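Undergrad: Enclosed is the structure file entry34.cif (mmCIF, N, CA and C atoms and all ligand atoms).
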data_final
#
loop_
_atom_site.group_PDB
_atom_site.id
_atom_site.type_symbol
_atom_site.label_atom_id
_atom_site.label_comp_id
_atom_site.auth_asym_id
_atom_site.auth_seq_id
_atom_site.Cartn_x
_atom_site.Cartn_y
_atom_site.Cartn_z
ATOM 1 N N MET A 1 -18.936 -8.608 36.006
ATOM 2 C CA MET A 1 -19.916 -7.538 35.865
ATOM 3 C C MET A 1 -19.223 -6.188 35.882
ATOM 4 N N LEU A 2 -19.511 -5.395 34.894
ATOM 5 C CA LEU A 2 -18.936 -4.056 34.831
ATOM 6 C C LEU A 2 -19.873 -3.065 35.522
ATOM 7 N N ARG A 3 -19.282 -2.149 36.259
ATOM 8 C CA ARG A 3 -20.061 -1.120 36.942
ATOM 9 C C ARG A 3 -19.549 0.251 36.548
ATOM 10 N N ASP A 4 -20.464 1.196 36.417
ATOM 11 C CA ASP A 4 -20.092 2.590 36.250
ATOM 12 C C ASP A 4 -19.818 3.180 37.622
ATOM 13 N N VAL A 5 -18.705 3.913 37.739
ATOM 14 C CA VAL A 5 -18.343 4.544 39.005
ATOM 15 C C VAL A 5 -18.210 6.034 38.766
ATOM 16 N N HIS A 6 -18.840 6.807 39.600
ATOM 17 C CA HIS A 6 -18.864 8.251 39.413
ATOM 18 C C HIS A 6 -18.147 8.954 40.561
ATOM 19 N N PHE A 7 -17.257 9.895 40.214
ATOM 20 C CA PHE A 7 -16.570 10.702 41.216
ATOM 21 C C PHE A 7 -16.735 12.171 40.857
ATOM 22 N N GLN A 8 -16.594 13.026 41.851
ATOM 23 C CA GLN A 8 -16.485 14.455 41.603
ATOM 24 C C GLN A 8 -15.106 14.891 42.062
ATOM 25 N N TRP A 9 -14.253 15.311 41.120
ATOM 26 C CA TRP A 9 -12.877 15.695 41.408
ATOM 27 C C TRP A 9 -12.685 17.157 41.047
ATOM 28 N N SER A 10 -12.044 17.890 41.937
ATOM 29 C CA SER A 10 -11.748 19.300 41.670
ATOM 30 C C SER A 10 -10.743 19.425 40.521
ATOM 31 N N ASP A 11 -10.926 20.442 39.683
ATOM 32 C CA ASP A 11 -9.958 20.670 38.607
ATOM 33 C C ASP A 11 -9.001 21.809 38.936
ATOM 34 N N GLU A 12 -8.918 22.182 40.219
ATOM 35 C CA GLU A 12 -8.105 23.340 40.602
ATOM 36 C C GLU A 12 -6.612 23.130 40.346
ATOM 37 N N HIS A 13 -6.171 21.872 40.234
ATOM 38 C CA HIS A 13 -4.735 21.619 40.022
ATOM 39 C C HIS A 13 -4.427 21.211 38.586
ATOM 40 N N GLY A 14 -5.382 21.405 37.691
ATOM 41 C CA GLY A 14 -5.130 21.087 36.293
ATOM 42 C C GLY A 14 -5.443 19.631 35.974
ATOM 43 N N GLU A 15 -4.909 19.176 34.851
ATOM 44 C CA GLU A 15 -5.280 17.867 34.328
ATOM 45 C C GLU A 15 -4.169 16.836 34.479
ATOM 46 N N CYS A 16 -4.608 15.588 34.625
ATOM 47 C CA CYS A 16 -3.700 14.442 34.597
ATOM 48 C C CYS A 16 -3.014 14.389 33.238
ATOM 49 N N TYR A 17 -1.685 14.264 33.232
ATOM 50 C CA TYR A 17 -0.984 14.258 31.954
ATOM 51 C C TYR A 17 -1.246 12.970 31.174
ATOM 52 N N ASP A 18 -1.587 11.898 31.877
ATOM 53 C CA ASP A 18 -1.829 10.617 31.208
ATOM 54 C C ASP A 18 -3.206 10.538 30.563
ATOM 55 N N CYS A 19 -4.264 11.010 31.259
ATOM 56 C CA CYS A 19 -5.617 10.735 30.772
ATOM 57 C C CYS A 19 -6.498 11.971 30.669
ATOM 58 N N GLY A 20 -6.104 13.102 31.249
ATOM 59 C CA GLY A 20 -6.887 14.319 31.111
ATOM 60 C C GLY A 20 -7.919 14.557 32.194
ATOM 61 N N ASN A 21 -8.105 13.575 33.115
ATOM 62 C CA ASN A 21 -8.995 13.808 34.256
ATOM 63 C C ASN A 21 -8.340 14.799 35.214
ATOM 64 N N PRO A 22 -9.116 15.388 36.134
ATOM 65 C CA PRO A 22 -8.519 16.336 37.080
ATOM 66 C C PRO A 22 -7.401 15.700 37.910
ATOM 67 N N ALA A 23 -6.295 16.405 38.025
ATOM 68 C CA ALA A 23 -5.112 15.888 38.722
ATOM 69 C C ALA A 23 -5.137 16.264 40.195
ATOM 70 N N ALA A 24 -4.658 15.352 41.044
ATOM 71 C CA ALA A 24 -4.533 15.618 42.477
ATOM 72 C C ALA A 24 -3.170 15.185 43.019
ATOM 73 N N PHE A 25 -2.332 14.575 42.170
ATOM 74 C CA PHE A 25 -1.076 13.980 42.643
ATOM 75 C C PHE A 25 0.065 14.283 41.677
ATOM 76 N N TYR A 26 1.294 14.169 42.228
ATOM 77 C CA TYR A 26 2.501 14.140 41.417
ATOM 78 C C TYR A 26 3.044 12.724 41.427
ATOM 79 N N SER A 27 3.526 12.274 40.289
ATOM 80 C CA SER A 27 4.155 10.957 40.183
ATOM 81 C C SER A 27 5.647 11.128 39.974
ATOM 82 N N SER A 28 6.431 10.274 40.646
ATOM 83 C CA SER A 28 7.883 10.344 40.470
ATOM 84 C C SER A 28 8.321 9.784 39.125
ATOM 85 N N GLU A 29 7.375 9.279 38.309
ATOM 86 C CA GLU A 29 7.772 8.787 36.988
ATOM 87 C C GLU A 29 8.261 9.939 36.103
ATOM 88 N N HIS A 30 7.834 11.167 36.436
ATOM 89 C CA HIS A 30 8.365 12.351 35.766
ATOM 90 C C HIS A 30 8.634 13.397 36.837
ATOM 91 N N THR A 31 9.569 14.295 36.573
ATOM 92 C CA THR A 31 9.938 15.285 37.584
ATOM 93 C C THR A 31 9.519 16.686 37.202
ATOM 94 N N THR A 32 9.064 16.894 35.977
ATOM 95 C CA THR A 32 8.780 18.244 35.499
ATOM 96 C C THR A 32 7.288 18.427 35.262
ATOM 97 N N PRO A 33 6.665 19.429 35.901
ATOM 98 C CA PRO A 33 5.278 19.747 35.557
ATOM 99 C C PRO A 33 5.168 20.169 34.096
ATOM 100 N N PRO A 34 4.095 19.895 33.353
ATOM 101 C CA PRO A 34 2.911 19.204 33.857
ATOM 102 C C PRO A 34 2.983 17.686 33.683
ATOM 103 N N TYR A 35 4.155 17.169 33.244
ATOM 104 C CA TYR A 35 4.262 15.743 32.914
ATOM 105 C C TYR A 35 4.076 14.851 34.127
ATOM 106 N N ASN A 36 4.268 15.384 35.323
ATOM 107 C CA ASN A 36 4.192 14.560 36.537
ATOM 108 C C ASN A 36 2.817 14.601 37.195
ATOM 109 N N LYS A 37 1.873 15.344 36.653
ATOM 110 C CA LYS A 37 0.546 15.430 37.274
ATOM 111 C C LYS A 37 -0.278 14.193 36.950
ATOM 112 N N ARG A 38 -0.968 13.656 37.998
ATOM 113 C CA ARG A 38 -1.764 12.451 37.817
ATOM 114 C C ARG A 38 -3.102 12.568 38.544
ATOM 115 N N CYS A 39 -4.148 12.008 37.937
ATOM 116 C CA CYS A 39 -5.409 11.826 38.643
ATOM 117 C C CYS A 39 -5.262 10.643 39.614
ATOM 118 N N SER A 40 -6.290 10.384 40.399
ATOM 119 C CA SER A 40 -6.210 9.311 41.394
ATOM 120 C C SER A 40 -5.975 7.945 40.755
ATOM 121 N N VAL A 41 -6.620 7.697 39.628
ATOM 122 C CA VAL A 41 -6.501 6.388 38.975
ATOM 123 C C VAL A 41 -5.101 6.188 38.413
ATOM 124 N N CYS A 42 -4.605 7.173 37.686
ATOM 125 C CA CYS A 42 -3.275 7.051 37.098
ATOM 126 C C CYS A 42 -2.191 7.076 38.169
ATOM 127 N N ALA A 43 -2.410 7.814 39.271
ATOM 128 C CA ALA A 43 -1.459 7.811 40.376
ATOM 129 C C ALA A 43 -1.371 6.416 40.991
ATOM 130 N N ALA A 44 -2.508 5.756 41.157
ATOM 131 C CA ALA A 44 -2.508 4.398 41.694
ATOM 132 C C ALA A 44 -1.783 3.446 40.758
ATOM 133 N N ASN A 45 -1.995 3.624 39.463
ATOM 134 C CA ASN A 45 -1.321 2.777 38.476
ATOM 135 C C ASN A 45 0.194 2.982 38.537
ATOM 136 N N ASP A 46 0.622 4.242 38.621
ATOM 137 C CA ASP A 46 2.057 4.521 38.726
ATOM 138 C C ASP A 46 2.619 3.951 40.019
ATOM 139 N N ALA A 47 1.855 4.063 41.121
ATOM 140 C CA ALA A 47 2.315 3.537 42.409
ATOM 141 C C ALA A 47 2.504 2.020 42.332
ATOM 142 N N ALA A 48 1.595 1.351 41.635
ATOM 143 C CA ALA A 48 1.711 -0.095 41.487
ATOM 144 C C ALA A 48 2.958 -0.468 40.698
ATOM 145 N N ASN A 49 3.425 0.458 39.871
ATOM 146 C CA ASN A 49 4.653 0.228 39.104
ATOM 147 C C ASN A 49 5.892 0.695 39.864
ATOM 148 N N GLY A 50 5.700 1.138 41.115
ATOM 149 C CA GLY A 50 6.840 1.499 41.943
ATOM 150 C C GLY A 50 7.128 2.974 42.063
ATOM 151 N N ALA A 51 6.308 3.834 41.458
ATOM 152 C CA ALA A 51 6.535 5.276 41.543
ATOM 153 C C ALA A 51 6.174 5.796 42.933
ATOM 154 N N ILE A 52 6.807 6.891 43.319
ATOM 155 C CA ILE A 52 6.444 7.595 44.548
ATOM 156 C C ILE A 52 5.386 8.632 44.187
ATOM 157 N N ILE A 53 4.264 8.621 44.931
ATOM 158 C CA ILE A 53 3.141 9.520 44.665
ATOM 159 C C ILE A 53 3.011 10.516 45.811
ATOM 160 N N THR A 54 2.915 11.791 45.486
ATOM 161 C CA THR A 54 2.703 12.813 46.508
ATOM 162 C C THR A 54 1.514 13.677 46.102
ATOM 163 N N ARG A 55 0.820 14.245 47.112
ATOM 164 C CA ARG A 55 -0.318 15.120 46.835
ATOM 165 C C ARG A 55 0.168 16.450 46.277
ATOM 166 N N ILE A 56 -0.591 16.977 45.323
ATOM 167 C CA ILE A 56 -0.280 18.315 44.841
ATOM 168 C C ILE A 56 -0.521 19.314 45.954
ATOM 169 N N GLU A 57 -1.612 19.140 46.685
ATOM 170 C CA GLU A 57 -1.942 20.042 47.785
ATOM 171 C C GLU A 57 -1.721 19.309 49.098
ATOM 172 N N GLU A 58 -0.664 19.645 49.817
ATOM 173 C CA GLU A 58 -0.374 18.992 51.080
ATOM 174 C C GLU A 58 -1.487 19.255 52.086
ATOM 175 N N GLY A 59 -1.917 18.208 52.762
ATOM 176 C CA GLY A 59 -2.961 18.344 53.745
ATOM 177 C C GLY A 59 -4.353 18.342 53.153
ATOM 178 N N GLY A 60 -4.443 18.229 51.820
ATOM 179 C CA GLY A 60 -5.750 18.202 51.160
ATOM 180 C C GLY A 60 -6.457 16.886 51.398
ATOM 181 N N ALA A 61 -7.760 16.898 51.219
ATOM 182 C CA ALA A 61 -8.539 15.681 51.460
ATOM 183 C C ALA A 61 -8.386 14.733 50.275
HETATM 184 ZN ZN ZN A 101 -5.215 10.087 34.876
#
Can the structure in the file be given as structure tokens, please?
TA:
Amino acid sequence: MLRDVHFQWSDEHGECYDCGNPAAFYSSEHTTPPYNKRCSVCAANDAANGAIITRIEEGGA
């Protein structure tokens, strides 16, 4: 069964380089902005592939 899932994500840090959703993380798969910016979904995907993921805003929720 497929479900629609809705989130509200701040766009204050720009867009995910992979998919264009609002970014909240940096991925170690790239080292240079904006190529390293990831939304939560793409960050999780990169993490599953072994990348190191860090928050763009330290201490952010
Ligand atoms: Zn993304």
Undergrad: Which of chain A end up as helix (DSSP H, G or I) when DSSP is run on this backbone - answer as a ChimeraX atom specification?
TA: /A:40-48
Undergrad: Might you spell out which residues the PyMOL selection byres (((chain A and resi 40-46 and name CA) around 9) and not hetatm and name CA) would select in the displayed file, as a ChimeraX atom specification?
TA: /A:16,18-19,21-29,37-39,47-54
Undergrad: Between A:Glu58, A:Gly20, A:Leu2, A:Pro34, single out the one closest to ligand ZN 101 (chain A), counting only N, CA and C atoms and all ligand atoms.
TA: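 Using only N, CA and C atoms and all ligand atoms, ligand ZN 101 (chain A) sits closest to A:Gly20.
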Undergrad: Counting all atoms listed in the file, which residue out of A:Tyr17, A:Glu12, A:Val5, A:Arg55 sits closest to ligand ZN 101 (chain A)?
TA: A:Tyr17
Undergrad: For a test of reading the model, state the distance in Å between atom CA of Asp11 of chain A and atom C of Thr32 of chain A, rounded to one decimal.
TA: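 Result for atom CA of Asp11 of chain A versus atom C of Thr32 of chain A: 17.7 Å, one decimal.
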Undergrad: Interatomic distance between atom CA of Tyr35 of chain A and atom C of Asp4 of chain A?
TA: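 Separation between atom CA of Tyr35 of chain A and atom C of Asp4 of chain A: 27.6 Å.
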Undergrad: Any chance you could model all heavy atoms for segment 8-19 of chain A and send them as a PDB file, in the coordinates of the input?
TA:
ATOM      1  N   GLN A   8     -16.594  13.026  41.851  1.00  0.00           N
ATOM      2  CA  GLN A   8     -16.485  14.455  41.603  1.00  0.00           C
ATOM      3  C   GLN A   8     -15.106  14.891  42.062  1.00  0.00           C
ATOM      4  O   GLN A   8     -14.784  14.828  43.250  1.00  0.00           O
ATOM      5  CB  GLN A   8     -17.571  15.225  42.346  1.00  0.00           C
ATOM      6  CG  GLN A   8     -18.944  15.018  41.727  1.00  0.00           C
ATOM      7  CD  GLN A   8     -19.975  15.938  42.338  1.00  0.00           C
ATOM      8  OE1 GLN A   8     -20.129  15.988  43.559  1.00  0.00           O
ATOM      9  NE2 GLN A   8     -20.678  16.664  41.504  1.00  0.00           N
ATOM     10  N   TRP A   9     -14.253  15.311  41.120  1.00  0.00           N
ATOM     11  CA  TRP A   9     -12.877  15.695  41.408  1.00  0.00           C
ATOM     12  C   TRP A   9     -12.685  17.157  41.047  1.00  0.00           C
ATOM     13  O   TRP A   9     -13.088  17.597  39.959  1.00  0.00           O
ATOM     14  CB  TRP A   9     -11.896  14.848  40.593  1.00  0.00           C
ATOM     15  CG  TRP A   9     -11.845  13.410  40.983  1.00  0.00           C
ATOM     16  CD1 TRP A   9     -12.319  12.836  42.129  1.00  0.00           C
ATOM     17  CD2 TRP A   9     -11.283  12.338  40.218  1.00  0.00           C
ATOM     18  NE1 TRP A   9     -12.076  11.489  42.123  1.00  0.00           N
ATOM     19  CE2 TRP A   9     -11.448  11.155  40.962  1.00  0.00           C
ATOM     20  CE3 TRP A   9     -10.658  12.272  38.974  1.00  0.00           C
ATOM     21  CZ2 TRP A   9     -11.000   9.924  40.505  1.00  0.00           C
ATOM     22  CZ3 TRP A   9     -10.219  11.046  38.525  1.00  0.00           C
ATOM     23  CH2 TRP A   9     -10.373   9.886  39.278  1.00  0.00           C
ATOM     24  N   SER A  10     -12.044  17.890  41.937  1.00  0.00           N
ATOM     25  CA  SER A  10     -11.748  19.300  41.670  1.00  0.00           C
ATOM     26  C   SER A  10     -10.743  19.425  40.521  1.00  0.00           C
ATOM     27  O   SER A  10      -9.791  18.644  40.433  1.00  0.00           O
ATOM     28  CB  SER A  10     -11.173  19.950  42.926  1.00  0.00           C
ATOM     29  OG  SER A  10     -10.668  21.230  42.601  1.00  0.00           O
ATOM     30  N   ASP A  11     -10.926  20.442  39.683  1.00  0.00           N
ATOM     31  CA  ASP A  11      -9.958  20.670  38.607  1.00  0.00           C
ATOM     32  C   ASP A  11      -9.001  21.809  38.936  1.00  0.00           C
ATOM     33  O   ASP A  11      -8.321  22.335  38.053  1.00  0.00           O
ATOM     34  CB  ASP A  11     -10.674  20.930  37.283  1.00  0.00           C
ATOM     35  CG  ASP A  11     -11.553  22.180  37.322  1.00  0.00           C
ATOM     36  OD1 ASP A  11     -11.584  22.861  38.370  1.00  0.00           O
ATOM     37  OD2 ASP A  11     -12.204  22.466  36.296  1.00  0.00           O
ATOM     38  N   GLU A  12      -8.918  22.182  40.219  1.00  0.00           N
ATOM     39  CA  GLU A  12      -8.105  23.340  40.602  1.00  0.00           C
ATOM     40  C   GLU A  12      -6.612  23.130  40.346  1.00  0.00           C
ATOM     41  O   GLU A  12      -5.861  24.104  40.270  1.00  0.00           O
ATOM     42  CB  GLU A  12      -8.335  23.700  42.077  1.00  0.00           C
ATOM     43  CG  GLU A  12      -7.877  22.631  43.055  1.00  0.00           C
ATOM     44  CD  GLU A  12      -8.167  23.009  44.503  1.00  0.00           C
ATOM     45  OE1 GLU A  12      -7.893  24.150  44.873  1.00  0.00           O
ATOM     46  OE2 GLU A  12      -8.656  22.141  45.245  1.00  0.00           O
ATOM     47  N   HIS A  13      -6.171  21.872  40.234  1.00  0.00           N
ATOM     48  CA  HIS A  13      -4.735  21.619  40.022  1.00  0.00           C
ATOM     49  C   HIS A  13      -4.427  21.211  38.586  1.00  0.00           C
ATOM     50  O   HIS A  13      -3.346  20.718  38.305  1.00  0.00           O
ATOM     51  CB  HIS A  13      -4.249  20.535  40.982  1.00  0.00           C
ATOM     52  CG  HIS A  13      -4.381  20.926  42.418  1.00  0.00           C
ATOM     53  ND1 HIS A  13      -3.757  22.038  42.949  1.00  0.00           N
ATOM     54  CD2 HIS A  13      -5.084  20.377  43.436  1.00  0.00           C
ATOM     55  CE1 HIS A  13      -4.068  22.140  44.234  1.00  0.00           C
ATOM     56  NE2 HIS A  13      -4.878  21.156  44.551  1.00  0.00           N
ATOM     57  N   GLY A  14      -5.382  21.405  37.691  1.00  0.00           N
ATOM     58  CA  GLY A  14      -5.130  21.087  36.293  1.00  0.00           C
ATOM     59  C   GLY A  14      -5.443  19.631  35.974  1.00  0.00           C
ATOM     60  O   GLY A  14      -6.150  18.957  36.716  1.00  0.00           O
ATOM     61  N   GLU A  15      -4.909  19.176  34.851  1.00  0.00           N
ATOM     62  CA  GLU A  15      -5.280  17.867  34.328  1.00  0.00           C
ATOM     63  C   GLU A  15      -4.169  16.836  34.479  1.00  0.00           C
ATOM     64  O   GLU A  15      -2.980  17.164  34.442  1.00  0.00           O
ATOM     65  CB  GLU A  15      -5.618  17.998  32.829  1.00  0.00           C
ATOM     66  CG  GLU A  15      -6.833  18.849  32.558  1.00  0.00           C
ATOM     67  CD  GLU A  15      -7.148  18.944  31.080  1.00  0.00           C
ATOM     68  OE1 GLU A  15      -6.273  18.626  30.257  1.00  0.00           O
ATOM     69  OE2 GLU A  15      -8.287  19.332  30.760  1.00  0.00           O
ATOM     70  N   CYS A  16      -4.608  15.588  34.625  1.00  0.00           N
ATOM     71  CA  CYS A  16      -3.700  14.442  34.597  1.00  0.00           C
ATOM     72  C   CYS A  16      -3.014  14.389  33.238  1.00  0.00           C
ATOM     73  O   CYS A  16      -3.687  14.446  32.206  1.00  0.00           O
ATOM     74  CB  CYS A  16      -4.508  13.168  34.834  1.00  0.00           C
ATOM     75  SG  CYS A  16      -3.579  11.640  34.618  1.00  0.00           S
ATOM     76  N   TYR A  17      -1.685  14.264  33.232  1.00  0.00           N
ATOM     77  CA  TYR A  17      -0.984  14.258  31.954  1.00  0.00           C
ATOM     78  C   TYR A  17      -1.246  12.970  31.174  1.00  0.00           C
ATOM     79  O   TYR A  17      -1.157  12.949  29.951  1.00  0.00           O
ATOM     80  CB  TYR A  17       0.523  14.431  32.174  1.00  0.00           C
ATOM     81  CG  TYR A  17       1.254  14.692  30.889  1.00  0.00           C
ATOM     82  CD1 TYR A  17       1.179  15.932  30.266  1.00  0.00           C
ATOM     83  CD2 TYR A  17       1.993  13.686  30.282  1.00  0.00           C
ATOM     84  CE1 TYR A  17       1.813  16.168  29.075  1.00  0.00           C
ATOM     85  CE2 TYR A  17       2.636  13.914  29.076  1.00  0.00           C
ATOM     86  CZ  TYR A  17       2.548  15.167  28.476  1.00  0.00           C
ATOM     87  OH  TYR A  17       3.179  15.384  27.288  1.00  0.00           O
ATOM     88  N   ASP A  18      -1.587  11.898  31.877  1.00  0.00           N
ATOM     89  CA  ASP A  18      -1.829  10.617  31.208  1.00  0.00           C
ATOM     90  C   ASP A  18      -3.206  10.538  30.563  1.00  0.00           C
ATOM     91  O   ASP A  18      -3.346  10.030  29.450  1.00  0.00           O
ATOM     92  CB  ASP A  18      -1.685   9.459  32.192  1.00  0.00           C
ATOM     93  CG  ASP A  18      -0.252   8.979  32.307  1.00  0.00           C
ATOM     94  OD1 ASP A  18       0.624   9.527  31.609  1.00  0.00           O
ATOM     95  OD2 ASP A  18      -0.003   8.058  33.105  1.00  0.00           O
ATOM     96  N   CYS A  19      -4.264  11.010  31.259  1.00  0.00           N
ATOM     97  CA  CYS A  19      -5.617  10.735  30.772  1.00  0.00           C
ATOM     98  C   CYS A  19      -6.498  11.971  30.669  1.00  0.00           C
ATOM     99  O   CYS A  19      -7.575  11.887  30.079  1.00  0.00           O
ATOM    100  CB  CYS A  19      -6.293   9.687  31.666  1.00  0.00           C
ATOM    101  SG  CYS A  19      -6.828  10.334  33.251  1.00  0.00           S
TER     102      CYS A  19
END
